[in-house]
Every structure is written in C-alpha cells, then in structure tokens.
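Engineer: The following file, coords_15.txt, comprises compact mmCIF, C-alpha atoms and all ligand atoms:
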# COMPACT_ATOMS: atom_id res chain seq x y z
CA MET O 1 67.93 40.55 43.89
CA ILE O 2 71.58 41.55 43.30
CA SER O 3 72.29 45.27 43.14
CA VAL O 4 75.03 46.44 40.80
CA VAL O 5 76.97 49.63 40.09
CA ILE O 6 78.88 49.72 36.80
CA LEU O 7 81.87 52.02 36.32
CA GLY O 8 82.98 52.83 32.77
CA ALA O 9 81.04 53.64 29.61
CA GLY O 10 83.23 52.00 27.01
CA ASN O 11 82.57 48.78 25.07
CA VAL O 12 82.30 46.49 28.09
CA GLY O 13 80.62 48.92 30.53
CA THR O 14 77.90 49.78 28.02
CA HIS O 15 77.10 46.14 27.14
CA LEU O 16 77.11 45.19 30.84
CA VAL O 17 74.65 47.99 31.60
CA LYS O 18 72.25 46.67 28.95
CA ALA O 19 72.66 43.06 30.16
CA VAL O 20 72.04 43.95 33.83
CA GLN O 21 69.05 46.12 32.89
CA SER O 22 67.41 43.37 30.90
CA ALA O 23 68.01 40.56 33.43
CA ASP O 24 65.42 39.48 36.00
CA ASN O 25 66.43 39.92 39.63
CA LEU O 26 69.30 42.30 38.92
CA SER O 27 69.06 45.92 39.88
CA LEU O 28 71.30 48.53 38.24
CA ILE O 29 71.75 51.14 40.96
CA GLN O 30 74.04 53.56 39.09
CA TRP O 31 76.26 53.88 36.03
CA PHE O 32 79.43 55.87 36.66
CA PHE O 33 81.48 57.48 33.89
CA ARG O 34 83.65 60.54 34.38
CA ASP O 35 82.66 62.52 31.26
CA PRO O 36 78.92 63.39 31.10
CA LYS O 37 79.27 63.71 27.30
CA ALA O 38 80.80 60.24 26.91
CA ILE O 39 77.71 58.31 25.84
CA LYS O 40 76.39 58.99 22.35
CA SER O 41 73.01 57.21 22.47
CA PRO O 42 71.82 57.52 26.07
CA ILE O 43 70.40 54.39 27.70
CA LYS O 44 67.09 54.99 29.54
CA ASP O 45 66.08 54.20 33.11
CA VAL O 46 69.50 54.30 34.70
CA GLU O 47 70.90 56.79 37.18
CA PHE O 48 74.10 58.32 35.84
CA CYS O 49 76.90 59.29 38.22
CA HIS O 50 79.96 61.38 37.35
CA ASP O 51 81.38 61.81 40.84
CA LEU O 52 82.80 58.81 42.67
CA ASP O 53 81.90 60.40 46.00
CA ARG O 54 78.23 60.08 45.07
CA LEU O 55 78.25 56.33 44.54
CA LYS O 56 75.39 54.53 46.27
CA LEU O 57 75.32 51.27 48.20
CA ALA O 58 75.31 48.11 46.04
CA ASP O 59 76.15 44.42 46.35
CA VAL O 60 78.85 44.64 43.67
CA TYR O 61 80.82 47.37 41.89
CA ILE O 62 82.04 46.39 38.43
CA ILE O 63 85.02 48.46 37.26
CA ALA O 64 84.98 48.27 33.43
CA VAL O 65 87.55 50.97 32.71
CA SER O 66 90.82 50.86 30.74
CA ASP O 67 93.35 48.43 32.23
CA LYS O 68 95.76 51.18 33.24
CA ALA O 69 93.07 53.03 35.25
CA ILE O 70 91.66 50.05 37.20
CA SER O 71 93.97 50.34 40.19
CA ASP O 72 93.51 54.13 40.54
CA VAL O 73 89.73 53.97 40.23
CA SER O 74 89.58 51.24 42.88
CA LYS O 75 91.68 53.42 45.22
CA GLN O 76 89.36 56.39 44.66
CA LEU O 77 86.19 54.50 45.66
CA PRO O 78 85.01 56.23 48.85
CA PHE O 79 84.18 53.09 50.87
CA GLU O 80 85.70 49.88 52.23
CA ASN O 81 84.81 46.19 52.54
CA ARG O 82 82.43 46.10 49.62
CA LEU O 83 82.75 43.71 46.68
CA VAL O 84 84.70 45.45 43.89
CA VAL O 85 85.61 43.57 40.71
CA HIS O 86 87.31 44.42 37.43
CA THR O 87 86.65 43.01 33.96
CA SER O 88 90.19 42.72 32.59
CA GLY O 89 91.81 39.59 31.17
CA SER O 90 95.33 40.63 32.09
CA ILE O 91 95.28 42.71 35.29
CA PRO O 92 95.94 40.71 38.51
CA MET O 93 93.09 40.80 41.05
CA LYS O 94 95.59 42.12 43.61
CA GLN O 95 95.89 45.41 41.71
CA LEU O 96 92.50 46.36 43.15
CA ASP O 97 92.82 48.35 46.38
CA MET O 98 93.03 45.99 49.36
CA LYS O 99 90.49 48.05 51.33
CA HIS O 100 87.83 46.23 49.22
CA ARG O 101 86.59 42.67 48.99
CA ARG O 102 88.34 42.06 45.67
CA GLY O 103 87.35 40.03 42.64
CA VAL O 104 87.47 39.61 38.87
CA PHE O 105 84.50 39.27 36.53
CA TYR O 106 86.22 38.86 33.14
CA PRO O 107 83.90 38.41 30.16
CA LEU O 108 85.74 36.21 27.65
CA GLN O 109 84.24 37.76 24.55
CA THR O 110 84.93 40.62 22.15
CA PHE O 111 82.84 43.76 22.70
CA SER O 112 82.37 46.72 20.37
CA LEU O 113 79.77 49.44 20.83
CA ALA O 114 78.55 48.89 17.27
CA SER O 115 77.87 45.17 17.68
CA GLU O 116 75.15 43.53 19.84
CA VAL O 117 76.23 40.77 22.21
CA GLY O 118 74.11 37.86 23.42
CA PHE O 119 75.21 37.27 27.00
CA SER O 120 74.47 33.55 26.77
CA GLU O 121 77.61 33.56 24.56
CA VAL O 122 79.72 35.38 27.16
CA PRO O 123 81.57 33.07 29.56
CA PHE O 124 82.60 34.92 32.71
CA CYS O 125 85.92 34.07 34.37
CA ILE O 126 85.50 34.59 38.09
CA GLU O 127 88.13 35.04 40.78
CA THR O 128 87.57 36.31 44.32
CA MET O 129 89.48 36.67 47.58
CA GLN O 130 86.52 35.34 49.57
CA ARG O 131 84.52 32.21 48.79
CA GLU O 132 81.15 33.87 49.52
CA ASP O 133 81.87 36.51 46.88
CA SER O 134 82.43 33.90 44.17
CA LYS O 135 78.93 32.58 44.85
CA LEU O 136 77.54 36.08 44.38
CA LEU O 137 79.42 36.55 41.08
CA LYS O 138 78.32 33.13 39.81
CA ASN O 139 74.76 34.09 40.66
CA LEU O 140 75.21 37.40 38.83
CA ALA O 141 76.47 35.64 35.68
CA ASN O 142 73.66 33.12 35.96
CA LYS O 143 71.04 35.87 36.04
CA MET O 144 72.51 37.28 32.81
CA GLU O 145 72.20 33.73 31.39
CA SER O 146 75.98 33.56 31.03
CA PRO O 147 78.14 30.53 31.85
CA SER O 148 80.84 31.14 34.46
CA TYR O 149 84.08 29.48 35.51
CA MET O 150 86.36 29.80 38.52
CA ILE O 151 89.67 30.91 36.95
CA ASN O 152 92.74 32.17 38.83
CA THR O 153 94.89 35.10 37.69
CA GLU O 154 97.52 32.94 35.95
CA GLN O 155 94.84 30.93 34.10
CA ARG O 156 92.99 34.13 33.14
CA GLN O 157 96.16 35.67 31.74
CA ALA O 158 96.72 32.50 29.64
CA LEU O 159 93.12 32.72 28.40
CA HIS O 160 93.62 36.37 27.54
CA LEU O 161 96.75 35.49 25.56
CA SER O 162 94.80 32.75 23.74
CA ALA O 163 92.04 35.26 23.05
CA VAL O 164 94.55 37.61 21.42
CA PHE O 165 95.57 34.82 19.01
CA ILE O 166 91.98 33.73 18.38
CA ASN O 167 90.34 37.12 18.03
CA ASN O 168 92.78 40.00 17.51
CA PHE O 169 95.31 38.23 15.31
CA THR O 170 92.66 36.42 13.27
CA ASN O 171 90.85 39.71 12.76
CA GLN O 172 94.07 41.33 11.55
CA LEU O 173 94.41 38.47 9.05
CA TYR O 174 90.84 39.24 7.90
CA ARG O 175 91.91 42.83 7.41
CA ILE O 176 94.87 41.82 5.25
CA ALA O 177 92.61 39.50 3.22
CA HIS O 178 90.14 42.38 2.84
CA GLU O 179 92.90 44.62 1.45
CA LEU O 180 94.11 41.89 -0.95
CA SER O 181 90.59 41.17 -2.25
CA ASP O 182 89.81 44.90 -2.56
CA SER O 183 92.98 45.39 -4.61
CA LYS O 184 91.50 43.02 -7.26
CA ASN O 185 87.98 44.53 -7.01
CA ILE O 186 86.56 41.47 -5.27
CA ASN O 187 83.77 41.99 -2.74
CA PHE O 188 84.88 40.77 0.74
CA ASP O 189 81.44 39.09 1.04
CA VAL O 190 82.74 36.30 -1.23
CA LEU O 191 85.09 35.26 1.61
CA LYS O 192 82.52 35.38 4.43
CA PRO O 193 81.23 31.77 4.13
CA LEU O 194 84.86 30.62 4.51
CA ILE O 195 85.22 32.72 7.68
CA LEU O 196 82.10 31.13 9.16
CA GLU O 197 83.04 27.57 8.17
CA THR O 198 86.55 28.00 9.67
CA ALA O 199 85.04 29.03 13.01
CA LYS O 200 82.35 26.32 12.82
CA LYS O 201 84.79 23.47 12.15
CA VAL O 202 86.75 23.96 15.38
CA GLN O 203 83.52 23.51 17.35
CA TYR O 204 83.79 19.75 16.63
CA LEU O 205 87.34 19.18 15.25
CA SER O 206 90.58 20.08 17.02
CA PRO O 207 92.43 23.02 15.40
CA TYR O 208 95.15 20.50 14.50
CA ALA O 209 92.68 18.24 12.66
CA ALA O 210 90.91 21.18 11.02
CA GLN O 211 94.01 22.58 9.28
CA THR O 212 94.13 22.50 5.45
CA GLY O 213 96.03 24.47 2.78
CA PRO O 214 99.43 24.63 1.05
CA ALA O 215 101.55 24.70 4.24
CA LYS O 216 99.77 21.66 5.72
CA ARG O 217 100.21 19.85 2.33
CA ASN O 218 103.83 21.06 2.01
CA ASP O 219 102.90 22.42 -1.45
CA GLN O 220 106.02 24.51 -2.13
CA VAL O 221 104.95 25.56 -5.67
CA THR O 222 101.84 27.34 -4.36
CA ILE O 223 103.73 28.78 -1.37
CA ASN O 224 106.39 30.28 -3.67
CA HIS O 225 103.70 31.73 -5.93
CA HIS O 226 101.96 33.38 -2.94
CA LEU O 227 105.27 34.79 -1.69
CA ARG O 228 106.00 36.31 -5.14
CA THR O 229 102.48 37.82 -5.23
CA LEU O 230 103.19 39.49 -1.88
CA GLU O 231 106.54 41.02 -3.00
CA SER O 232 105.05 44.54 -2.94
CA HIS O 233 103.81 43.94 0.67
CA PRO O 234 106.94 42.88 2.62
CA GLU O 235 105.05 43.05 5.94
CA TYR O 236 102.38 40.59 4.74
CA GLN O 237 105.04 38.42 3.09
CA SER O 238 106.79 38.11 6.44
CA ILE O 239 103.51 37.20 8.23
CA TYR O 240 102.82 34.59 5.50
CA GLU O 241 106.31 33.14 5.97
CA GLN O 242 106.03 32.98 9.76
CA LEU O 243 102.63 31.32 9.75
CA THR O 244 103.60 28.89 6.98
CA LYS O 245 106.67 27.90 9.00
CA SER O 246 104.54 27.42 12.11
CA ILE O 247 101.99 25.23 10.27
CA LYS O 248 104.82 23.17 8.71
CA ASN O 249 106.46 22.69 12.12
CA THR O 250 103.14 21.59 13.60
CA HIS O 251 102.47 19.13 10.77
CA GLY O 252 105.97 17.70 10.48
CA PHE O 253 107.62 19.64 7.61
CA LYS O 254 110.55 21.61 8.96
CA LYS O 255 111.66 23.80 5.99
CA LEU O 256 109.83 26.81 4.45
N1 LIG I 1 86.56 45.35 24.59
C1 LIG I 1 86.65 44.07 24.80
O1 LIG I 1 86.41 43.27 23.87
C2 LIG I 1 86.99 43.54 26.18
C3 LIG I 1 86.70 42.18 26.44
C4 LIG I 1 86.93 41.69 27.73
C5 LIG I 1 87.45 42.51 28.71
N2 LIG I 1 87.75 43.82 28.42
C6 LIG I 1 88.26 44.64 29.54
O2 LIG I 1 87.20 45.49 30.00
C7 LIG I 1 87.75 46.75 30.44
C8 LIG I 1 87.13 47.89 29.64
O3 LIG I 1 87.42 47.69 28.27
P1 LIG I 1 86.64 48.50 27.13
O4 LIG I 1 86.91 47.80 25.84
O5 LIG I 1 85.24 48.74 27.56
O6 LIG I 1 87.44 49.86 27.16
P2 LIG I 1 87.06 51.24 26.41
O7 LIG I 1 85.97 51.01 25.43
O8 LIG I 1 88.35 51.82 25.96
O9 LIG I 1 86.45 52.13 27.60
C9 LIG I 1 87.26 52.47 28.69
C10 LIG I 1 86.43 53.22 29.70
O10 LIG I 1 87.31 53.50 30.80
C11 LIG I 1 87.13 54.87 31.16
N3 LIG I 1 88.34 55.37 31.81
C12 LIG I 1 89.60 55.35 31.34
N4 LIG I 1 90.44 55.91 32.25
C13 LIG I 1 89.66 56.28 33.32
C14 LIG I 1 89.94 56.90 34.56
N5 LIG I 1 91.20 57.24 34.92
N6 LIG I 1 88.90 57.14 35.39
C15 LIG I 1 87.64 56.78 35.07
N7 LIG I 1 87.30 56.19 33.90
C16 LIG I 1 88.32 55.94 33.03
C17 LIG I 1 86.86 55.56 29.84
O11 LIG I 1 86.33 56.83 30.11
P3 LIG I 1 86.63 58.09 29.13
O12 LIG I 1 85.72 57.89 27.96
O13 LIG I 1 86.27 59.24 30.00
O14 LIG I 1 88.09 58.03 28.78
C18 LIG I 1 85.88 54.56 29.22
O15 LIG I 1 84.59 54.74 29.77
C19 LIG I 1 89.26 46.63 30.28
O16 LIG I 1 89.80 46.18 31.47
C20 LIG I 1 89.42 45.57 29.19
O17 LIG I 1 90.65 44.89 29.28
C21 LIG I 1 87.52 44.34 27.19
Please express the file's structure as structure tokens.
Structural biologist:
Amino acid sequence: MISVVILGAGNVGTHLVKAVQSADNLSLIQWFFRDPKAIKSPIKDVEFCHDLDRLKLADVYIIAVSDKAISDVSKQLPFENRLVVHTSGSIPMKQLDMKHRRGVFYPLQTFSLASEVGFSEVPFCIETMQREDSKLLKNLANKMESPSYMINTEQRQALHLSAVFINNFTNQLYRIAHELSDSKNINFDVLKPLILETAKKVQYLSPYAAQTGPAKRNDQVTINHHLRTLESHPEYQSIYEQLTKSIKNTHGFKKL
C-alpha cells in the first residue's frame, strides 16, 4: 500500500485524487487546498485539509499547484526528509525545498476539470534525487495503470515544449478553424472526423510522412486564394504564412 497526500485542487490535483481513490493498493490520506470553497462538486471519502501544519504522514506528497507556487508550497511543508514531488513539465526538480527527498511526477497529458481522463493514457515522467524514490513513483504510476518513464529535467522541459506544439498550438488552430467555419454557418462537427484522422495517422506514420495539403504540394494558386480570404484577419493570415513557410521548408520548397 502506498499512502499519498495531494496538494492542489485544480485540473491535475482533482484528476489525481480520483485516480488514487479508484486504484487498488493506494491510500489517499489527505487532499490539501487552501480555499475551502475551491471545489465545486465535492469528491466523497477523502479528508480535506486547508492548513499545511495539519498534514499527516504519507509515503509521498504530490504538489499539483500552479508552477509559480511550487517552490513556496514545498518550503512551507512542516516536515523534512519525506518524498515530495511536483507535477510540472517545466519547473526544475531542484526548485523543491532541499529539506525534502525531492522528485517529479509529471503527467504528460492535458487535464481539464470538465473532461474525464483515463489514466492508462497518462504517461508519467519521473525524476528523483534518490534511486529508491524512483521505484516508489514507478510503483505509484503502475497502480494507477499508467506507463512511466525516467526523464531528467532537461528531457522533461523538451517534452513540455513538444507538448505545447502538439496540444496548445494545435488547439488554438482548432479554435481559428471553429471561428472560420462559424462565420459561414457551418457546424464545427463537420470537421471533427478530420481532427480524429489527423491524430490517428501519426500513430503509425511519421509526422513528416503524414503531411498533405497545398503547402506540401507547393500549390501556390490555392495558397494565394487562402491568403486573400484571410485579408480581414491579419493575425490568422500571418499564422497561415508562417506555417506554410515551415511546411515548404520541411518538404523542400523554399519560397512562400
Ligand atoms: N492542466 C494540465 O493539462 C497540466 C498537465 C500536466 C502538468 N500540469 C502541471 O500541474 C500543476 C497544476 O496544474 P493545474 O492545471 O492543475 O493548475 P490549476 O488548475 O490552475 O490549479 C492550480 C492549483 O494551485 C493552487 N495554488 C496556486 N497558488 C497556490 C499557493 N500559493 N498555495 C497553495 N495553492 C496554490 C490553486 O489554488 P487556488 O484555487 O486557491 O488558487 C489550484 O488549486 C502545474 O505545475 C502544471 O504545470 C498541468
């Protein structure tokens, strides 16, 4: 049995609480969040804690708070030499207070309160100061049925950067497409099979091999038509130009 305390009631903290609660051989000792009114739909059978001085003994403390608060929260923990990890893709492990056994338990997935997450689809990137602690974190991921990988800070930061391209930027492109389809009274649902197929294809083709479209074909007539259509949206026109240039560079056509 691994005992866990989770700190933070945002997207990640809340999903971790549910995952730990539903796993065999994991015991959720407490859930800390500073504002008692923070959670909208209370989760049952968990002891809430709103005062760091009242934290109980556990095998691991998972700090799932905003990046800028991780270091401060770790300093405020009223004990030493216990395993304390954070869940950030970008914060170095060494920003945790050195009075703890430090580690990182970064879930490489996107979490929103409104969307359920299957933890078998959540790879955990693990880093620890002590070898024994990595075993414990691997075991913890295993009990949540999640894959896990030993990843150092530099590798994790590269993965986080990749995740921004894959998830955040792609999602912003969805949002632009949504606005463009809305402006012509087209339901966004029409585009959803394309979204799924695009994600499915890179499961077995490289992103290079999977590319299609006017930039890959160097079809300047279509590109010019798209750029004219976007004349009333200079910001989107500029994104279109940048990405078209990048695809052309990748596929051997240098000029836009
Ligand atoms: N969301 C994702 O998709 C995702 C994926 C992987 C990793 N992560 C990482 O996971 C961590 C949490 O992200 P999140 O998306 O769950 O953030 P979030 O939804 O914005 O929630 C942040 C939580 O941190 C708490 N907090 C902020 N400042 C605090 C402080 N000074 N003391 C105590 N609690 C404080 C907030 O409490 P209040 O409500 O009281 O402000 C809230 O509970 C971050 O390190 C993030 O980089 C996020």
Engineer: State, in Å with one decimal place, the distance from atom O12 of ligand LIG 1 (chain I) to atom CA of O:Thr128.
Structural biologist: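 Going from atom O12 of ligand LIG 1 (chain I) over to atom CA of O:Thr128, I get 27.1 Å.
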Engineer: Which polymer residues have any atom within 8 Å of an atom of O:Asn152, counting all atoms listed in the file, with same-chain residues fewer than 3 positions away left out, as a ChimeraX atom specification?
Structural biologist: /O:126-127,155-156
Engineer: Emit the selected residues as a PDB file, keeping the file's coordinate frame, including C-alpha atoms.
Structural biologist:
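Wrote result23.pdb, looks like this:
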ATOM      1  CA  ILE O 126      85.500  34.590  38.090  1.00  0.00           C
ATOM      2  CA  GLU O 127      88.130  35.040  40.780  1.00  0.00           C
ATOM      3  CA  GLN O 155      94.840  30.930  34.100  1.00  0.00           C
ATOM      4  CA  ARG O 156      92.990  34.130  33.140  1.00  0.00           C
TER       5      ARG O 156
END
Engineer: Give me the residues within 12 Å of O:Arg101 as a PyMOL selection string, counting only C-alpha atoms and dropping any in the same chain fewer than 2 places off.
Structural biologist: chain O and resi 59-61+74+79-86+93-94+96-99+103-104+127-134
Engineer: Please produce an output containing C-alpha atoms for each residue in the selection, written as a PDB file, in the coordinates of the input.
Structural biologist:
ATOM      1  CA  ASP O  59      76.150  44.420  46.350  1.00  0.00           C
ATOM      2  CA  VAL O  60      78.850  44.640  43.670  1.00  0.00           C
ATOM      3  CA  TYR O  61      80.820  47.370  41.890  1.00  0.00           C
ATOM      4  CA  SER O  74      89.580  51.240  42.880  1.00  0.00           C
ATOM      5  CA  PHE O  79      84.180  53.090  50.870  1.00  0.00           C
ATOM      6  CA  GLU O  80      85.700  49.880  52.230  1.00  0.00           C
ATOM      7  CA  ASN O  81      84.810  46.190  52.540  1.00  0.00           C
ATOM      8  CA  ARG O  82      82.430  46.100  49.620  1.00  0.00           C
ATOM      9  CA  LEU O  83      82.750  43.710  46.680  1.00  0.00           C
ATOM     10  CA  VAL O  84      84.700  45.450  43.890  1.00  0.00           C
ATOM     11  CA  VAL O  85      85.610  43.570  40.710  1.00  0.00           C
ATOM     12  CA  HIS O  86      87.310  44.420  37.430  1.00  0.00           C
ATOM     13  CA  MET O  93      93.090  40.800  41.050  1.00  0.00           C
ATOM     14  CA  LYS O  94      95.590  42.120  43.610  1.00  0.00           C
ATOM     15  CA  LEU O  96      92.500  46.360  43.150  1.00  0.00           C
ATOM     16  CA  ASP O  97      92.820  48.350  46.380  1.00  0.00           C
ATOM     17  CA  MET O  98      93.030  45.990  49.360  1.00  0.00           C
ATOM     18  CA  LYS O  99      90.490  48.050  51.330  1.00  0.00           C
ATOM     19  CA  GLY O 103      87.350  40.030  42.640  1.00  0.00           C
ATOM     20  CA  VAL O 104      87.470  39.610  38.870  1.00  0.00           C
ATOM     21  CA  GLU O 127      88.130  35.040  40.780  1.00  0.00           C
ATOM     22  CA  THR O 128      87.570  36.310  44.320  1.00  0.00           C
ATOM     23  CA  MET O 129      89.480  36.670  47.580  1.00  0.00           C
ATOM     24  CA  GLN O 130      86.520  35.340  49.570  1.00  0.00           C
ATOM     25  CA  ARG O 131      84.520  32.210  48.790  1.00  0.00           C
ATOM     26  CA  GLU O 132      81.150  33.870  49.520  1.00  0.00           C
ATOM     27  CA  ASP O 133      81.870  36.510  46.880  1.00  0.00           C
ATOM     28  CA  SER O 134      82.430  33.900  44.170  1.00  0.00           C
TER      29      SER O 134
END
Engineer: Compute the set of protein, DNA and RNA residues whose minimum atom distance to ligand LIG 1 (chain I) is at most 7 Å, using only C-alpha atoms and all ligand atoms, and state it as a list in words.
Structural biologist: Gly8, Ala9, Gly10, Asn11, Val12, Gly13, Phe33, Arg34, Asp35, Ala38, Ala64, Val65, Ser66, Asp67, Ala69, Asp72, Val73, His86, Thr87, Ser88, Gly89, Ser90, Tyr106, Pro107, Leu108, Gln109, Thr110, Phe111 and Ser112 of chain O
Engineer: Please report the interatomic distance between atom CA of O:Lys138 and atom CA of O:Ala114 in Å with one decimal.
Structural biologist: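 Atom CA of O:Ala114 lies 27.5 Å from atom CA of O:Lys138.
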Engineer: Mind checking which residues fall within 12 Å of O:Gln21, counting only C-alpha atoms, ignoring those fewer than 6 positions away in the same chain, and posting them as a list in words?
Structural biologist: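 Everything that qualifies: Ile2, Ser3, Val4, Val5, Ile6, Thr14, His15, Ser27, Leu28, Ile29, Gln30, Trp31, Ile43, Lys44, Asp45, Val46, Glu47, Lys143 and Met144 of chain O.
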